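target00.tsv (TSV, C-alpha atoms and all ligand atoms) appears below.
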chain	number	residue	atom	x	y	z
A	1	MET	CA	7.67	-15.40	62.46
A	2	SER	CA	10.96	-17.09	61.89
A	3	ARG	CA	14.14	-15.12	62.30
A	4	LEU	CA	14.98	-15.83	58.67
A	5	PHE	CA	11.67	-14.33	57.53
A	6	ILE	CA	12.25	-11.19	59.59
A	7	ALA	CA	15.77	-10.90	58.22
A	8	LEU	CA	14.51	-11.24	54.63
A	9	LEU	CA	11.71	-8.74	55.28
A	10	SER	CA	14.11	-6.15	56.66
A	11	LEU	CA	16.46	-6.75	53.72
A	12	ALA	CA	13.56	-6.18	51.29
A	13	ILE	CA	12.59	-2.95	53.09
A	14	PHE	CA	16.23	-1.81	53.06
A	15	ILE	CA	16.58	-2.49	49.33
A	16	SER	CA	13.35	-0.74	48.46
A	17	CYS	CA	14.42	2.33	50.50
A	18	SER	CA	17.81	2.63	48.83
A	19	GLU	CA	16.73	2.38	45.23
A	20	PRO	CA	19.76	2.59	42.96
A	21	ARG	CA	20.30	6.03	41.44
A	22	LYS	CA	18.97	6.27	37.92
A	23	PRO	CA	21.83	7.20	35.58
A	24	HIS	CA	21.46	10.45	33.67
A	25	ALA	CA	21.66	10.56	29.91
A	26	LEU	CA	22.02	13.48	27.53
A	27	SER	CA	18.41	14.50	26.80
A	28	SER	CA	17.03	16.97	24.30
A	29	PHE	CA	14.64	19.49	25.80
A	30	GLU	CA	11.69	21.28	24.23
A	31	TYR	CA	11.22	25.00	24.70
A	32	PRO	CA	8.45	27.31	23.50
A	33	THR	CA	10.71	28.81	20.85
A	34	LYS	CA	13.11	26.44	19.17
A	35	VAL	CA	16.48	28.00	18.38
A	36	ASP	CA	18.43	26.85	15.33
A	37	THR	CA	21.92	26.11	16.65
A	38	ASN	CA	23.23	24.38	13.56
A	39	ASP	CA	26.39	25.96	12.17
A	40	HIS	CA	26.14	29.44	10.68
A	41	GLU	CA	28.99	30.69	8.56
A	42	ILE	CA	31.46	33.11	10.14
A	43	THR	CA	33.93	35.50	8.52
A	44	LEU	CA	37.44	35.35	9.89
A	45	GLN	CA	39.33	38.61	10.31
A	46	GLU	CA	42.52	38.93	8.33
A	47	LYS	CA	45.36	38.56	10.84
A	48	ARG	CA	48.29	40.80	9.93
A	49	VAL	CA	50.20	44.02	10.47
A	50	PHE	CA	48.42	46.98	8.89
A	51	GLU	CA	50.47	50.05	8.02
A	52	ILE	CA	49.44	53.68	7.64
A	53	THR	CA	52.28	54.61	5.30
A	54	GLN	CA	51.59	58.39	5.41
A	55	ASP	CA	52.34	58.49	9.17
A	56	LYS	CA	54.50	55.37	9.48
A	57	VAL	CA	52.09	54.00	12.08
A	58	LYS	CA	51.53	50.25	12.36
A	59	VAL	CA	48.62	48.37	13.86
A	60	ASP	CA	48.28	44.62	14.33
A	61	ASN	CA	45.80	41.99	15.45
A	62	LEU	CA	48.28	39.13	15.71
A	63	PHE	CA	47.44	37.94	19.23
A	64	ASP	CA	44.73	35.72	20.67
A	65	GLY	CA	41.75	37.84	21.61
A	66	ALA	CA	42.46	40.52	19.00
A	67	ARG	CA	39.75	42.04	16.81
A	68	MET	CA	40.41	44.63	14.14
A	69	ASN	CA	39.10	44.28	10.61
A	70	GLY	CA	40.84	47.16	8.89
A	71	ILE	CA	42.32	50.63	9.27
A	72	SER	CA	42.26	53.65	6.98
A	73	TYR	CA	43.80	57.11	6.95
A	74	LEU	CA	41.45	60.02	7.68
A	75	GLY	CA	44.11	62.75	7.88
A	76	LYS	CA	47.37	63.34	9.73
A	77	ASN	CA	47.33	61.28	12.94
A	78	ARG	CA	43.68	60.37	12.41
A	79	TYR	CA	42.56	56.87	11.47
A	80	GLU	CA	39.40	54.85	11.21
A	81	VAL	CA	39.45	51.29	12.53
A	82	VAL	CA	36.65	49.03	11.35
A	83	ILE	CA	35.31	46.52	13.86
A	84	ASN	CA	33.07	43.82	12.40
A	85	PRO	CA	31.29	40.91	14.06
A	86	GLU	CA	31.97	37.27	13.14
A	87	ASN	CA	28.52	37.00	11.53
A	88	ALA	CA	24.99	38.39	11.77
A	89	PRO	CA	22.43	38.59	13.25
A	90	ILE	CA	24.28	38.97	16.49
A	91	ASN	CA	23.93	40.54	19.92
A	92	PRO	CA	25.49	43.96	19.26
A	93	SER	CA	28.44	43.99	21.65
A	94	PRO	CA	31.34	45.19	19.52
A	95	TRP	CA	34.60	43.78	20.79
A	96	TYR	CA	37.86	45.36	19.73
A	97	ALA	CA	41.48	44.72	20.66
A	98	PHE	CA	44.67	45.58	18.77
A	99	ARG	CA	48.19	46.97	19.12
A	100	ILE	CA	49.62	50.21	17.74
A	101	TYR	CA	53.19	51.47	17.36
A	102	ALA	CA	54.96	54.25	15.46
A	103	GLU	CA	58.48	55.36	14.54
A	104	ASP	CA	58.22	58.28	16.96
A	105	SER	CA	56.01	59.46	19.83
A	106	ARG	CA	52.81	61.19	18.83
A	107	THR	CA	49.18	61.69	19.76
A	108	ILE	CA	46.67	60.05	17.44
A	109	ASP	CA	42.90	59.87	17.10
A	110	ILE	CA	41.35	56.51	16.33
A	111	GLU	CA	37.72	56.31	15.32
A	112	LEU	CA	36.25	52.90	16.00
A	113	GLU	CA	33.54	52.18	13.45
A	114	TYR	CA	31.03	49.48	14.44
A	115	GLY	CA	28.62	49.59	11.49
A	116	LYS	CA	25.12	49.40	12.96
A	117	ALA	CA	26.14	48.25	16.43
A	118	ARG	CA	26.49	50.60	19.35
A	119	HIS	CA	29.64	51.13	21.36
A	120	ARG	CA	29.65	49.00	24.52
A	121	TYR	CA	33.16	48.58	25.98
A	122	TRP	CA	34.99	51.56	27.41
A	123	PRO	CA	38.56	51.65	25.99
A	124	LYS	CA	41.45	50.34	28.09
A	125	ILE	CA	45.14	50.69	27.29
A	126	SER	CA	48.16	48.63	28.22
A	127	LYS	CA	51.88	48.51	27.51
A	128	ASP	CA	52.24	44.76	27.98
A	129	GLY	CA	48.79	43.24	27.44
A	130	LYS	CA	48.66	42.30	31.15
A	131	SER	CA	48.10	45.43	33.21
A	132	TRP	CA	45.41	47.76	31.92
A	133	THR	CA	44.24	51.31	32.49
A	134	ARG	CA	40.82	52.72	31.68
A	135	LEU	CA	41.19	55.65	29.33
A	136	ASP	CA	40.23	58.98	30.80
A	137	SER	CA	36.84	60.27	29.66
A	138	ALA	CA	38.59	63.35	28.21
A	139	ASN	CA	40.14	60.97	25.64
A	140	VAL	CA	36.96	59.22	24.54
A	141	GLU	CA	34.07	60.61	22.56
A	142	ILE	CA	31.02	58.62	21.48
A	143	LEU	CA	29.82	59.64	18.01
A	144	ASN	CA	26.99	58.97	15.56
A	145	GLY	CA	24.47	58.00	18.22
A	146	GLY	CA	26.88	55.41	19.60
A	147	THR	CA	27.92	53.52	16.45
A	148	ARG	CA	31.30	55.17	16.43
A	149	ALA	CA	33.79	56.08	19.16
A	150	ARG	CA	36.75	58.47	18.94
A	151	VAL	CA	39.72	57.56	21.10
A	152	GLN	CA	42.74	59.80	21.62
A	153	LEU	CA	45.97	57.97	22.32
A	154	ASP	CA	49.61	58.75	22.97
A	155	ILE	CA	51.68	56.22	21.06
A	156	SER	CA	55.40	55.63	20.64
A	157	THR	CA	57.88	53.06	19.37
A	158	ASP	CA	56.74	50.92	22.32
A	159	THR	CA	53.62	48.88	21.73
A	160	THR	CA	50.33	50.36	22.93
A	161	TRP	CA	47.47	47.91	23.36
A	162	LEU	CA	43.94	49.21	22.97
A	163	SER	CA	41.08	46.92	23.97
A	164	GLY	CA	37.44	46.92	25.05
A	165	GLN	CA	38.29	45.02	28.23
A	166	GLU	CA	41.36	43.42	29.77
A	167	ILE	CA	42.55	40.51	27.62
A	168	ILE	CA	41.97	37.10	29.19
A	169	ASN	CA	42.35	34.58	26.37
A	170	SER	CA	42.34	30.78	26.37
A	171	THR	CA	46.07	30.54	27.13
A	172	ASP	CA	45.66	32.87	30.13
A	173	ILE	CA	42.85	30.78	31.59
A	174	THR	CA	44.76	27.55	30.97
A	175	THR	CA	47.80	28.91	32.81
A	176	TRP	CA	45.54	30.07	35.63
A	177	ALA	CA	43.73	26.74	35.97
A	178	LYS	CA	46.87	24.59	35.91
A	179	GLN	CA	48.29	26.14	39.07
A	180	PHE	CA	45.76	24.49	41.40
A	181	THR	CA	46.58	20.81	40.94
A	182	SER	CA	48.49	20.79	44.22
A	183	VAL	CA	45.31	21.55	46.22
A	184	ASP	CA	43.96	18.27	47.61
A	185	ASN	CA	42.84	16.01	44.78
A	186	THR	CA	42.17	18.86	42.36
A	187	SER	CA	42.94	17.84	38.79
A	188	PHE	CA	43.26	19.73	35.54
A	189	LYS	CA	42.64	18.34	32.09
A	190	ALA	CA	41.12	18.96	28.68
A	191	ILE	CA	37.79	17.16	28.42
A	192	GLY	CA	37.64	17.61	24.66
A	193	LYS	CA	38.26	19.99	21.81
A	194	SER	CA	36.47	23.03	20.48
A	195	LYS	CA	35.30	23.18	16.88
A	196	LEU	CA	38.72	24.46	15.78
A	197	GLY	CA	40.64	22.06	18.00
A	198	ARG	CA	41.37	24.19	21.08
A	199	ASP	CA	41.27	22.43	24.46
A	200	LEU	CA	38.05	22.54	26.49
A	201	ILE	CA	39.72	22.84	29.85
A	202	HIS	CA	38.39	21.61	33.15
A	203	LEU	CA	39.24	21.72	36.85
A	204	ASP	CA	37.86	19.00	39.11
A	205	ILE	CA	37.98	20.25	42.71
A	206	HIS	CA	37.46	17.95	45.71
A	207	ASN	CA	39.27	16.19	48.52
A	208	GLY	CA	39.15	12.42	48.95
A	209	ASP	CA	36.63	10.19	47.31
A	210	THR	CA	34.15	11.54	44.75
A	211	ASP	CA	31.59	8.80	45.41
A	212	GLY	CA	28.22	10.29	46.24
A	213	LYS	CA	29.66	13.80	46.56
A	214	GLU	CA	27.14	16.34	45.38
A	215	VAL	CA	28.38	18.59	42.62
A	216	VAL	CA	28.50	22.32	42.03
A	217	ALA	CA	29.11	22.97	38.32
A	218	VAL	CA	30.71	26.26	37.29
A	219	VAL	CA	30.94	27.49	33.71
A	220	SER	CA	32.13	30.73	32.14
A	221	ARG	CA	33.03	32.57	28.96
A	222	GLN	CA	30.38	31.27	26.63
A	223	HIS	CA	30.36	34.83	25.32
A	224	PRO	CA	33.87	35.97	24.40
A	225	PRO	CA	33.91	39.65	25.47
A	226	GLU	CA	32.42	38.90	28.90
A	227	VAL	CA	35.69	39.27	30.71
A	228	THR	CA	34.28	40.72	33.96
A	229	GLY	CA	32.17	37.59	34.49
A	230	ASN	CA	35.32	35.53	33.98
A	231	MET	CA	37.11	37.67	36.61
A	232	ALA	CA	34.31	37.00	39.10
A	233	MET	CA	34.57	33.26	38.40
A	234	ILE	CA	38.33	33.39	39.01
A	235	ALA	CA	37.87	35.05	42.43
A	236	PHE	CA	35.05	32.61	43.25
A	237	ILE	CA	37.10	29.51	42.42
A	238	GLU	CA	40.25	30.80	44.11
A	239	GLU	CA	38.27	31.25	47.33
A	240	ILE	CA	37.06	27.62	47.15
A	241	LEU	CA	40.67	26.52	46.60
A	242	ASN	CA	42.32	28.47	49.42
A	243	ASP	CA	43.41	26.91	52.71
A	244	SER	CA	40.78	28.38	55.02
A	245	GLU	CA	38.97	25.90	57.28
A	246	LEU	CA	35.71	26.66	55.48
A	247	SER	CA	37.15	25.87	52.04
A	248	LYS	CA	38.94	22.75	53.27
A	249	GLN	CA	35.76	21.43	54.83
A	250	PHE	CA	33.81	22.26	51.70
A	251	ARG	CA	36.21	20.33	49.47
A	252	GLN	CA	35.81	17.34	51.79
A	253	GLN	CA	32.04	17.40	51.44
A	254	TYR	CA	31.42	18.63	47.90
A	255	ARG	CA	32.89	18.43	44.44
A	256	VAL	CA	33.19	21.41	42.07
A	257	LEU	CA	33.39	20.77	38.33
A	258	VAL	CA	34.72	23.91	36.62
A	259	TYR	CA	34.65	24.70	32.88
A	260	PRO	CA	36.25	28.15	32.90
A	261	MET	CA	36.52	28.73	29.13
A	262	LEU	CA	33.59	27.28	27.22
A	263	ASN	CA	34.25	29.16	24.00
A	264	PRO	CA	38.02	29.23	23.47
A	265	ASP	CA	37.72	29.69	19.68
A	266	GLY	CA	35.42	32.68	20.02
A	267	VAL	CA	37.63	34.23	22.71
A	268	ASP	CA	40.89	33.79	20.79
A	269	LEU	CA	39.35	34.91	17.48
A	270	GLY	CA	38.04	38.09	19.13
A	271	HIS	CA	34.38	37.26	18.50
A	272	TRP	CA	31.56	39.51	19.71
A	273	ARG	CA	29.34	36.64	20.85
A	274	HIS	CA	29.50	33.33	18.97
A	275	ASN	CA	31.71	30.26	18.71
A	276	ALA	CA	33.49	29.13	15.54
A	277	GLY	CA	30.23	27.48	14.47
A	278	GLY	CA	28.73	30.98	14.39
A	279	ILE	CA	26.31	30.16	17.22
A	280	ASP	CA	25.48	31.68	20.59
A	281	LEU	CA	26.54	28.73	22.74
A	282	ASN	CA	24.12	29.73	25.46
A	283	ARG	CA	21.22	28.74	23.19
A	284	ASP	CA	22.43	25.19	22.53
A	285	TRP	CA	21.85	23.61	25.98
A	286	ALA	CA	18.96	21.50	24.68
A	287	TYR	CA	20.14	20.46	21.21
A	288	TYR	CA	23.93	19.91	21.58
A	289	ASN	CA	24.69	20.85	17.98
A	290	GLN	CA	27.90	22.62	18.96
A	291	PRO	CA	30.85	20.47	20.11
A	292	GLU	CA	31.62	22.69	23.11
A	293	ILE	CA	28.17	22.29	24.68
A	294	ARG	CA	27.81	18.63	23.73
A	295	GLN	CA	31.11	17.64	25.33
A	296	ILE	CA	30.67	19.70	28.48
A	297	CYS	CA	27.19	18.30	29.09
A	298	GLU	CA	28.39	14.75	28.36
A	299	HIS	CA	31.27	15.25	30.75
A	300	ILE	CA	29.08	16.51	33.61
A	301	ILE	CA	26.71	13.58	33.07
A	302	SER	CA	29.42	10.95	32.89
A	303	GLU	CA	31.17	12.29	36.01
A	304	THR	CA	27.99	12.33	38.06
A	305	ASN	CA	26.99	8.89	36.78
A	306	SER	CA	30.32	7.32	37.66
A	307	SER	CA	30.34	8.86	41.14
A	308	GLU	CA	26.61	8.17	41.64
A	309	SER	CA	25.97	11.78	42.52
A	310	GLU	CA	23.90	14.75	41.38
A	311	VAL	CA	24.53	18.33	40.37
A	312	ILE	CA	22.74	20.49	42.94
A	313	LEU	CA	23.89	23.90	41.71
A	314	GLY	CA	24.95	25.17	38.29
A	315	LEU	CA	26.53	28.63	38.07
A	316	ASP	CA	27.24	30.37	34.79
A	317	PHE	CA	29.36	33.56	34.93
A	318	HIS	CA	28.61	36.29	32.35
A	319	SER	CA	28.81	40.05	31.91
A	320	THR	CA	26.21	42.62	31.03
A	321	PHE	CA	25.58	46.32	31.62
A	322	SER	CA	25.18	45.92	35.38
A	323	ASP	CA	25.42	43.26	38.10
A	324	VAL	CA	22.39	40.97	38.08
A	325	TYR	CA	21.44	37.41	39.05
A	326	TYR	CA	19.21	35.51	36.65
A	327	THR	CA	17.52	32.87	38.76
A	328	ILE	CA	14.81	30.26	38.43
A	329	ALA	CA	11.38	31.49	39.53
A	330	ASP	CA	10.41	30.58	43.12
A	331	SER	CA	7.36	28.73	41.85
A	332	ILE	CA	9.61	26.08	40.26
A	333	GLU	CA	10.71	23.50	42.80
A	334	THR	CA	14.42	22.72	42.60
A	335	VAL	CA	16.51	20.46	44.79
A	336	MET	CA	17.31	23.50	47.02
A	337	PRO	CA	14.23	25.72	46.79
A	338	THR	CA	15.49	28.51	49.06
A	339	PHE	CA	19.14	28.51	48.01
A	340	ALA	CA	19.14	31.39	45.50
A	341	ASN	CA	17.39	33.87	47.79
A	342	ASP	CA	19.38	32.80	50.86
A	343	TRP	CA	22.66	33.03	49.02
A	344	ILE	CA	22.06	36.37	47.34
A	345	GLY	CA	20.76	37.75	50.65
A	346	GLN	CA	24.00	36.71	52.36
A	347	ILE	CA	26.13	38.26	49.60
A	348	GLU	CA	24.22	41.52	50.08
A	349	GLU	CA	24.76	41.37	53.80
A	350	HIS	CA	28.51	40.84	53.52
A	351	LEU	CA	29.30	43.20	50.64
A	352	GLU	CA	28.86	46.73	51.92
A	353	GLY	CA	26.59	48.93	49.88
A	354	PHE	CA	25.54	46.16	47.53
A	355	ASN	CA	21.89	45.89	46.54
A	356	ALA	CA	21.49	42.79	44.44
A	357	ARG	CA	19.34	42.86	41.34
A	358	VAL	CA	17.63	39.52	40.98
A	359	SER	CA	15.69	38.56	37.89
A	360	PRO	CA	13.79	35.29	38.28
A	361	SER	CA	12.22	33.56	35.29
A	362	GLY	CA	10.56	30.35	34.17
A	363	ILE	CA	12.28	27.53	32.31
A	364	THR	CA	11.61	28.85	28.84
A	365	SER	CA	14.87	28.95	26.86
A	366	PRO	CA	17.75	26.60	25.98
A	367	VAL	CA	20.32	28.24	28.26
A	368	SER	CA	22.70	26.67	30.78
A	369	LYS	CA	20.72	27.52	33.92
A	370	ASN	CA	17.66	25.73	32.55
A	371	TRP	CA	19.75	22.72	31.54
A	372	PHE	CA	20.95	22.27	35.13
A	373	TYR	CA	17.34	22.32	36.25
A	374	ASN	CA	15.97	20.07	33.51
A	375	GLU	CA	18.75	17.51	33.72
A	376	PHE	CA	19.32	17.46	37.50
A	377	ASN	CA	16.53	19.45	39.11
A	378	ALA	CA	19.43	21.63	40.24
A	379	VAL	CA	19.42	25.32	41.06
A	380	GLY	CA	20.64	27.18	37.97
A	381	ILE	CA	21.89	30.74	38.32
A	382	VAL	CA	23.43	33.14	35.82
A	383	TYR	CA	25.90	35.33	37.66
A	384	GLU	CA	26.20	38.55	35.65
A	385	ILE	CA	28.81	41.20	36.36
A	386	GLY	CA	28.59	44.69	34.95
A	387	ASP	CA	31.04	45.69	32.22
A	388	THR	CA	32.23	48.61	34.33
A	389	THR	CA	31.98	47.14	37.84
A	390	PRO	CA	35.22	48.14	39.62
A	391	ARG	CA	37.69	45.27	39.43
A	392	ASP	CA	38.35	45.24	43.18
A	393	ILE	CA	34.60	44.90	43.82
A	394	ILE	CA	34.35	42.04	41.31
A	395	LYS	CA	37.07	40.20	43.22
A	396	LYS	CA	35.60	40.90	46.64
A	397	LYS	CA	32.14	39.89	45.50
A	398	GLY	CA	33.47	36.69	43.92
A	399	GLU	CA	35.18	35.75	47.19
A	400	ILE	CA	32.16	36.59	49.35
A	401	SER	CA	29.90	34.67	46.97
A	402	ALA	CA	32.08	31.58	47.34
A	403	ARG	CA	32.23	31.82	51.13
A	404	GLU	CA	28.48	32.31	51.53
A	405	MET	CA	27.73	29.47	49.10
A	406	MET	CA	30.06	27.13	51.00
A	407	LYS	CA	28.47	28.07	54.35
A	408	ILE	CA	24.95	27.41	53.09
A	409	LEU	CA	25.88	24.12	51.44
A	410	LEU	CA	27.83	22.87	54.46
A	411	ALA	CA	24.87	23.67	56.72
A	412	ARG	CA	22.83	21.13	54.70
A	413	LYS	CA	25.12	18.32	55.83
B	501	ZN	ZN	26.70	36.32	28.34

Will you turn the file into C-alpha cells for me?
Ligand SMILES: [Zn+2]
Amino acid sequence: MSRLFIALLSLAIFISCSEPRKPHALSSFEYPTKVDTNDHEITLQEKRVFEITQDKVKVDNLFDGARMNGISYLGKNRYEVVINPENAPINPSPWYAFRIYAEDSRTIDIELEYGKARHRYWPKISKDGKSWTRLDSANVEILNGGTRARVQLDISTDTTWLSGQEIINSTDITTWAKQFTSVDNTSFKAIGKSKLGRDLIHLDIHNGDTDGKEVVAVVSRQHPPEVTGNMAMIAFIEEILNDSELSKQFRQQYRVLVYPMLNPDGVDLGHWRHNAGGIDLNRDWAYYNQPEIRQICEHIISETNSSESEVILGLDFHSTFSDVYYTIADSIETVMPTFANDWIGQIEEHLEGFNARVSPSGITSPVSKNWFYNEFNAVGIVYEIGDTTPRDIIKKKGEISAREMMKILLARK
C-alpha cells in the first residue's frame, strides 16, 4: 500500500469517527394527553389603595407581587379580604400579598376569603417587604374547611406587609442576577420579553471558551408563588459562582445556563399559577404557544448549537407541600443514567437528617424535565422545596446540592 493510500484511509476513518454534531431544532413533542396552551383570558386585579372609612384603615396592592382583589368591613377592626385567581380552572394555591396601615396603632382581624380554593401559604409579615416573620400560630385560624383564614395583626401608621411567602419579584431577581458578572466570563442579559414586555433574564456561567462545553440548564419560577424553590435555586447558583476550588474547576469544565425567572408577568401580577397568557407554563414545553417557553427553548438550542455542545442536565426549581425530587424513571436511558440517584444519595449523605423523597416517572407530560430529555436526552429533574421548609435548610440544601452535582460532573471528565 502506498503511503498516500494509508494516509487517505486514516483520514477517512478519522472523519467517520468524528461525525459533525447534528444541530438541534425546536421540535414539537407528542404526549398521551395533549394540553391546550393557547391563551386563556385572565382578569387583572384592580391596583389601588382601598380604604375602610369606618376605621380609617388603608390597604394597598401597589407593588410587584401583590395580590388583593377587594376588602370589606365586617365590624370594628374586622375586615374580609377577597383573594381571587387570575383565571380558572387553576391549581388552587391562593397567593396573597398586600400592605396595611392606619392612623393609629390597633389590632385587627383580617379574614382571607379564597372562594373555593383552600388556604396554602402560612402568613408572613414584614415592615419593609424585605425581612419577613412567620406569624405565630396563635394569630392564625383556618376556617370553613380551609377556604378562609383569619389572621390577627398589630398595625400602626407604619406599613405592615402581609404575604403568603417572602416577596421575591422580577426586580429582586434581576438585581440578584446582575451582581455576578464579575465572576469569570459570567454574563447577564435579557434573552427576550414576556407576554407583557418584561425581561426574560438569563445568566450564562462559565470560564473561558464555551466551545464543546457541556451544559447544565437551570430554570425557576414558572409558578409565581413558588418562592421557596426560587430560594433553593439562588443558593444553588451562588455556590457554583463562589471562589472555591471545586466551583472554579467546574466553571472551567462546564457551562451553566440559568433562567431564574421564567414567569415575570405572573410573579409581578401576583398570580396563583399562570402567566399573562393565562397558561400554566410548565405544560407548554412541547407546543411553545407561550412566548416565555418558546424563547427560553430557542435560546438553549441556539446556544448549544453555536458552541457545538449538549445539555446533559436540566434542573427546574419549584415548591410544593414538601421537599421532593421528580425524576425520570430508571428504565429510560438518559445521557447520565445513574446521575439522579447518585446525586440525591450524596445530598442525603451530606445534609444531616435528610431523607429524600424521590418520585420517578415516565416521559408522559409536556413539562420542562421531559423537554430536556426529549430534546437532548438529558437528565431532567424537578427540584421541589416544601412551602414551609426552614429557610436555613433550603439554603444549606441548595449549596450541598450544587457541590455534590459539581463533584459528580467533574468526575466524568
Ligand atoms: Zn411548580

All residues 8 Å or closer to A:Ala340, all atoms listed in the file, same chain fewer than 4 positions away omitted, as JSON, numbers by chain: {"A": [327, 344, 379, 381]}

task: List the neighbours of A:Thr304 out to 8 Å using only C-alpha atoms; skip same-chain residues closer than 6 positions along the sequence, and give me the result as a PyMOL selection string.
output: chain A and resi 215+310-311

Restrict the selected residues to C-alpha atoms and save them as a PDB file, keeping the file's coordinate frame.
ATOM      1  CA  VAL A 215      28.380  18.590  42.620  1.00  0.00           C
ATOM      2  CA  GLU A 310      23.900  14.750  41.380  1.00  0.00           C
ATOM      3  CA  VAL A 311      24.530  18.330  40.370  1.00  0.00           C
TER       4      VAL A 311
END

- request: Kindly provide, as a list in words, all nucleotide and amino acid residues lying within 7 Å of ligand ZN 501 (chain B), counting all atoms listed in the file.
  value: Gln222, His223, Glu226, His318, Ser319 and Thr320 of chain A

With 10 Å as the cut-off and all atoms listed in the file counted, what is the closest atom pair between each nearby residue of stretch 195-241 of chain A and stretch 150-165 of chain A? Distances in Å to one decimal, ordered by chain and number, as CSV.
residue,atom,partner,partner_atom,distance
A:Pro225,CA,A:Gln165,CA,7.5
A:Glu226,CA,A:Gln165,CA,8.5
A:Val227,CA,A:Gln165,CA,6.8
A:Thr228,CA,A:Gln165,CA,8.2

Spatial neighbours of A:Pro264, max dist 10 Å, only C-alpha atoms, sep filter under 5 positions, as number ranges by chain: A: 64-65, 169-171, 173, 193-201, 221-224, 269-270, 275-276, 292

- prompt: atom CA of A:Glu46 and atom CA of A:Met68, how far apart in Å?
  reply: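 Going from atom CA of A:Met68 over to atom CA of A:Glu46, I get 8.4 Å.
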
query: If we count only C-alpha atoms, what is near stretch 399-407 of chain A at a cut-off of 12 Å, once residues fewer than 3 positions away on the same chain are taken out, given as a ChimeraX atom specification?
result: /A:216,218,231-242,244-256,312-315,325,339-352,354,356,383,392-396,410-413

message: For a test of reading the model, state the distance in Å between atom CA of A:Asn144 and atom CA of A:Glu384, rounded to one decimal.
response: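 Taking atom CA of A:Asn144 and atom CA of A:Glu384, their separation equals 28.7 Å.
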
- prompt: Quick one: residues within 12 Å of A:Asp280, only C-alpha atoms counted, chain neighbours fewer than 6 positions away excluded, as a VMD selection string?
  reply: chain A and resid 35 to 40 86 to 91 221 to 224 262 to 263 266 271 to 274 288 to 290 292 to 293 366 to 368

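Here atom CA of A:Asp136 and atom CA of A:Arg357 stand 28.4 Å from one another.
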
message: Restricting the calculation to all atoms listed in the file: of A:Tyr101, A:Asp109, A:Ser93, A:Phe29, which residue gets closest to A:Lys56?
response: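 Using all atoms listed in the file, the shortest distance to A:Lys56 belongs to A:Tyr101.
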
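Take the candidates A:Gly277, A:Val267, A:Lys189, A:Glu111 and check each one against A:Glu141 using all atoms listed in the file; the shortest distance goes to A:Glu111.
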
query: Taking into account all atoms listed in the file, which residue in the set A:Pro20, A:Pro260, A:Pro123, A:Gly278 is nearest to A:Ala217?
result: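 Among A:Pro20, A:Pro260, A:Pro123, A:Gly278, it is A:Pro260 that comes nearest to A:Ala217.
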
statement: Using only C-alpha atoms, the residue out of A:Ala25, A:Thr53, A:Asp268, A:Trp176 with shortest distance to A:Arg67 is A:Asp268

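Nearest to A:Gly70 of all the residues A:Glu30, A:Glu113, A:Trp122, A:Asn370 is A:Glu113, based on only C-alpha atoms.
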
message: Using all atoms listed in the file - which residues lie no farther than 9 Å from the point (30.9, 57.1, 19.0) in the file's frame? Write them as a list in words.
response: Glu111, Leu112, Glu113, Tyr114, Arg118, His119, Val140, Glu141, Ile142, Leu143, Asn144, Gly145, Gly146, Thr147, Arg148, Ala149 and Arg150 of chain A
